[in-house]
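These notes are about the structure you will find just below.
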Amino acid sequence: MRHWLAIAHTGLTAVLQYPLRSLATVACVLAVLLPFVTGISLARGLQDQAEDALRFGADVYVSGEQFGKEVAVPVAAAAAIRNIDGVSEVVPRIVARIALGKHNEPAVLVGMPAERFPEQVTCVEGRLPRSGRLNEIVLGTELARRLNLQVGARLPPFYHNAGGERISEVVGLFQSDVAIWQANLVFTTLETASTICNQEFLATDLLVYCRPGYQESVRAAIVRLPAQTVPGLEGRLGLTATTRQDLQALLPAGLLHREGIFNLHFLLAFAVAIPAILVTSGVGSSGRRREIGILKATGWQTDELLCRGLVESFLLSLAGAALAVVLAFVWLRWLNGYWIAGLFLAGVDTQPGFQVPARLAPVPALLAFLVALVLVMTGTLYSTWRTATVSPREAMR
């Protein structure tokens, strides 16, 4: 046992004896692992925040249905839902895509009753919107920074309404525990959102809050409600109900779609980096062949040379993986996901104006380390075995 420990120690000696070769190998491993670990950590952080937003949301989400397609829901349906046993509150909500500013910056408008804005939304400047003559809106701090807007700024009409358009006033800037809200969201009252969207009797969905234990029965009762009529709209609208658990089950598929695209690009980059890792770790290196030939001439056996190469590969891969995790933490925490956050968050600048959510997960880092270890071992052990099986004279030529 002591003999093999001494052989393993020579693997560390080999790493230190050839610093340029070791640094080149670690740099190639690091160049591959760092973007992968950083991107996956960012995707996991986004998933955590999305799950938190759902956890503190409504129990049942009700929307309309017509010809088998999900459509807006009549606001009048809230009265019938409130009469269902187990329902504690029904809140209509309008969600719409809008464009603001001279560059048509994309944003998401959320309209709710003024007294039912999410508790996670906190105004750092100004106040929350109220219904009135002007359209009062509250912007996320990151969106306001991109649009160069402050409290008191007035926006010309950015929508069309048969009853006329109004000027919109920024009455507040908000921050949220859900950091991604600050990048694109605009909050306003339900009345203002109805005016902007030109939908007086419709809402995107109804948020239904239930007493504990009534969620499934309330969902079933909502689906059984008769079809609704909407003034000015031909036909009748049915109701569909989705529970919080249903949305949580669908969440990973949507978020991990972008993560999968990132993994695909990473796989292509990894394939390009394979030859570099193999070359720097020893494949075809005349210096490594001479080194092994000298050891073979001094009495080293093939299994001892392979053990030495295995330890060397393990140390190089471990150094590259450890540096990747440390630098990923620095990239996400200290540099706040500079550049890479824009790959996962639409509308976010190169330098985000809010704390980017991230969670360093051990499993992707471990898998990346194992793949790097296999590649480095391929370059080290293959060349070692191929050289050790020939005569020392031939190896040192």
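All residue names refer to the structure tokens as shown: chains lettered A, B, ... in order, residues numbered from 1 in each chain, ligands numbered from 1 in order.
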
Could you give me, as a count of residues only, the residues within 7 Å of Leu34 in chain A, counting only C-alpha atoms and dropping anything in the same chain fewer than 4 positions from it? 4

With 12 Å as the cut-off and only C-alpha atoms counted, what is the closest atom pair between each nearby residue of range 198-217 of chain A and range 160-177 of chain A? Distances in Å to one decimal, ordered by chain and number, as CSV.
```
residue,atom,partner,partner_atom,distance
A:Asn198,CA,A:Asn161,CA,5.5
A:Gln199,CA,A:Asn161,CA,9.2
A:Glu200,CA,A:Asn161,CA,10.7
```

File dump, residues just selected, N, CA, C and O atoms, as a PDB file, in the first residue's frame:
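And here is the file that came out, again_13.pdb:
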```
ATOM      1  N   ASN A 198     -58.344  48.014 -23.964  1.00  0.00           N
ATOM      2  CA  ASN A 198     -59.634  48.188 -24.636  1.00  0.00           C
ATOM      3  C   ASN A 198     -60.532  46.966 -24.424  1.00  0.00           C
ATOM      4  O   ASN A 198     -61.184  46.465 -25.338  1.00  0.00           O
ATOM      5  N   GLN A 199     -60.554  46.466 -23.186  1.00  0.00           N
ATOM      6  CA  GLN A 199     -61.368  45.305 -22.819  1.00  0.00           C
ATOM      7  C   GLN A 199     -62.119  45.646 -21.536  1.00  0.00           C
ATOM      8  O   GLN A 199     -61.603  45.458 -20.433  1.00  0.00           O
ATOM      9  N   GLU A 200     -63.334  46.146 -21.682  1.00  0.00           N
ATOM     10  CA  GLU A 200     -64.060  46.654 -20.517  1.00  0.00           C
ATOM     11  C   GLU A 200     -64.624  45.547 -19.643  1.00  0.00           C
ATOM     12  O   GLU A 200     -64.665  45.675 -18.421  1.00  0.00           O
TER      13      GLU A 200
END
```

What's the 12 Å shell around Val363 in chain A, counting only C-alpha atoms, without same-chain residues fewer than 6 positions away, as a list of chain:residue names? A:Val37, A:Ile40, A:Ser41, A:Arg44, A:Val325, A:Phe369, A:Leu370

Which polymer residues have any atom within 10 Å of an atom of range 294-304 of chain A, counting only C-alpha atoms, with same-chain residues fewer than 3 positions away left out, as a PyMOL selection string? chain A and resi 3-4+7-8+288-291+307-310+384-393+395-396

Could those residues be written to a file, using C-alpha atoms, as a PDB file, in the first residue's frame?
```
ATOM      1  CA  HIS A   3       4.388   1.635  -2.498  1.00  0.00           C
ATOM      2  CA  TRP A   4       1.251   2.715  -4.383  1.00  0.00           C
ATOM      3  CA  ILE A   7       3.580   6.161  -6.881  1.00  0.00           C
ATOM      4  CA  ALA A   8       0.469   8.343  -6.512  1.00  0.00           C
ATOM      5  CA  ARG A 288       5.404  12.990 -22.427  1.00  0.00           C
ATOM      6  CA  ARG A 289       6.725  10.098 -24.500  1.00  0.00           C
ATOM      7  CA  ARG A 290      10.327  10.868 -23.552  1.00  0.00           C
ATOM      8  CA  GLU A 291       9.299  11.239 -19.896  1.00  0.00           C
ATOM      9  CA  CYS A 307      -1.416   4.948 -11.698  1.00  0.00           C
ATOM     10  CA  ARG A 308       0.837   7.992 -11.903  1.00  0.00           C
ATOM     11  CA  GLY A 309      -1.074   9.276 -14.947  1.00  0.00           C
ATOM     12  CA  LEU A 310      -4.428   8.649 -13.265  1.00  0.00           C
ATOM     13  CA  THR A 384       0.978   6.695 -21.190  1.00  0.00           C
ATOM     14  CA  TRP A 385      -0.244   3.192 -22.016  1.00  0.00           C
ATOM     15  CA  ARG A 386       0.749   3.438 -25.675  1.00  0.00           C
ATOM     16  CA  THR A 387       4.274   4.569 -24.797  1.00  0.00           C
ATOM     17  CA  ALA A 388       4.692   2.142 -21.877  1.00  0.00           C
ATOM     18  CA  THR A 389       3.977  -0.877 -24.070  1.00  0.00           C
ATOM     19  CA  VAL A 390       6.967  -0.237 -26.334  1.00  0.00           C
ATOM     20  CA  SER A 391      10.679  -0.448 -25.526  1.00  0.00           C
ATOM     21  CA  PRO A 392      12.250   2.541 -23.709  1.00  0.00           C
ATOM     22  CA  ARG A 393      14.565   3.111 -26.649  1.00  0.00           C
ATOM     23  CA  ALA A 395       9.735   5.687 -26.642  1.00  0.00           C
ATOM     24  CA  MET A 396      12.653   8.120 -26.267  1.00  0.00           C
TER      25      MET A 396
END
```

For Arg93 in chain A, work out the shell of residues within 8 Å, counting only C-alpha atoms and skipping chain neighbours fewer than 4 positions away, then give it as a list of chain:residue names. A:Val110, A:Gly111, A:Met112, A:Pro113, A:Leu190, A:Ala203, A:Thr204, A:Asp205, A:Leu206, A:Leu207

List the neighbours of range 332-348 of chain A out to 7 Å using only C-alpha atoms; skip same-chain residues closer than 3 positions along the sequence, and give me the result as a PyMOL selection string. chain A and resi 183+258+328-329+351-352+355-356+358

Just the selected residues (N, CA, C and O atoms), exported as an mmCIF file, in the first residue's frame, please.
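Saved result, out_12.cif, follows:
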```
data_model
loop_
_atom_site.group_PDB
_atom_site.id
_atom_site.type_symbol
_atom_site.label_atom_id
_atom_site.label_comp_id
_atom_site.auth_asym_id
_atom_site.auth_seq_id
_atom_site.Cartn_x
_atom_site.Cartn_y
_atom_site.Cartn_z
ATOM 1 N N ALA A 183 -37.463 43.498 -14.077
ATOM 2 C CA ALA A 183 -36.914 43.693 -15.415
ATOM 3 C C ALA A 183 -37.962 44.101 -16.438
ATOM 4 O O ALA A 183 -37.668 44.882 -17.343
ATOM 5 N N ARG A 258 -35.285 26.680 -22.027
ATOM 6 C CA ARG A 258 -34.165 27.576 -22.303
ATOM 7 C C ARG A 258 -32.865 26.987 -21.777
ATOM 8 O O ARG A 258 -31.810 27.130 -22.391
ATOM 9 N N ALA A 328 -17.561 30.778 -11.006
ATOM 10 C CA ALA A 328 -19.004 30.899 -11.256
ATOM 11 C C ALA A 328 -19.674 31.661 -10.118
ATOM 12 O O ALA A 328 -20.567 32.493 -10.345
ATOM 13 N N PHE A 329 -19.264 31.381 -8.882
ATOM 14 C CA PHE A 329 -19.809 32.122 -7.735
ATOM 15 C C PHE A 329 -19.465 33.606 -7.843
ATOM 16 O O PHE A 329 -20.325 34.472 -7.614
ATOM 17 N N GLN A 351 -25.366 44.449 -18.067
ATOM 18 C CA GLN A 351 -25.158 44.590 -16.636
ATOM 19 C C GLN A 351 -26.513 44.748 -15.964
ATOM 20 O O GLN A 351 -27.096 45.834 -15.987
ATOM 21 N N PRO A 352 -27.093 43.681 -15.379
ATOM 22 C CA PRO A 352 -28.433 43.779 -14.776
ATOM 23 C C PRO A 352 -28.461 44.799 -13.645
ATOM 24 O O PRO A 352 -27.496 44.950 -12.893
ATOM 25 N N GLN A 355 -30.457 42.145 -8.419
ATOM 26 C CA GLN A 355 -29.710 40.957 -8.039
ATOM 27 C C GLN A 355 -30.212 39.745 -8.816
ATOM 28 O O GLN A 355 -31.359 39.337 -8.681
ATOM 29 N N VAL A 356 -29.346 39.190 -9.633
ATOM 30 C CA VAL A 356 -29.725 38.054 -10.468
ATOM 31 C C VAL A 356 -29.881 36.810 -9.595
ATOM 32 O O VAL A 356 -28.989 36.483 -8.809
ATOM 33 N N ALA A 358 -29.672 33.037 -8.532
ATOM 34 C CA ALA A 358 -28.805 31.924 -8.937
ATOM 35 C C ALA A 358 -28.688 30.944 -7.777
ATOM 36 O O ALA A 358 -28.777 31.328 -6.610
#
```

If you run DSSP on the backbone here, which positions in range 30-113 of chain A get strand (DSSP E)? Please write them as a PyMOL selection string. chain A and resi 60-66+69-71+73-74+87-100+105-112

Just want the 8 Å neighbourhood of Ile84 in chain A, counted on only C-alpha atoms, with same-chain residues fewer than 4 positions away dropped. Output as an mmCIF file with C-alpha atoms, in the first residue's frame.
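The resulting file, part_6.cif, is reproduced below:
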```cif
data_model
loop_
_atom_site.group_PDB
_atom_site.id
_atom_site.type_symbol
_atom_site.label_atom_id
_atom_site.label_comp_id
_atom_site.auth_asym_id
_atom_site.auth_seq_id
_atom_site.Cartn_x
_atom_site.Cartn_y
_atom_site.Cartn_z
ATOM 1 C CA ALA A 80 -70.746 33.320 -9.440
ATOM 2 C CA VAL A 218 -63.656 24.613 -5.898
ATOM 3 C CA ALA A 221 -67.368 23.520 -9.148
#
```

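Among A:Ala72, A:Leu305, A:Ala321, A:Ala77, the residue with the shortest atom-to-atom distance to Pro362 in chain A, counting only C-alpha atoms, is A:Ala321.
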
Given only C-alpha atoms as the basis, pick out the residue of A:Ala78, A:Leu23, A:Leu12, A:Val62 nearest to Thr242 in chain A. A:Val62

Using DSSP secondary structure from the backbone, list all alpha helix (DSSP H) positions within range 17-80 of chain A, as a PyMOL selection string. chain A and resi 17+19-55+77-80

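Here CA of Gln248 in chain A and CA of Ile180 in chain A stand 17.6 Å from one another.
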
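CA of Val311 in chain A to CA of Leu360 in chain A spans 27.0 Å [interatomic distance, one decimal].
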
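For the pair CA of Pro212 in chain A and CA of Asp59 in chain A, the separation is 9.6 Å.
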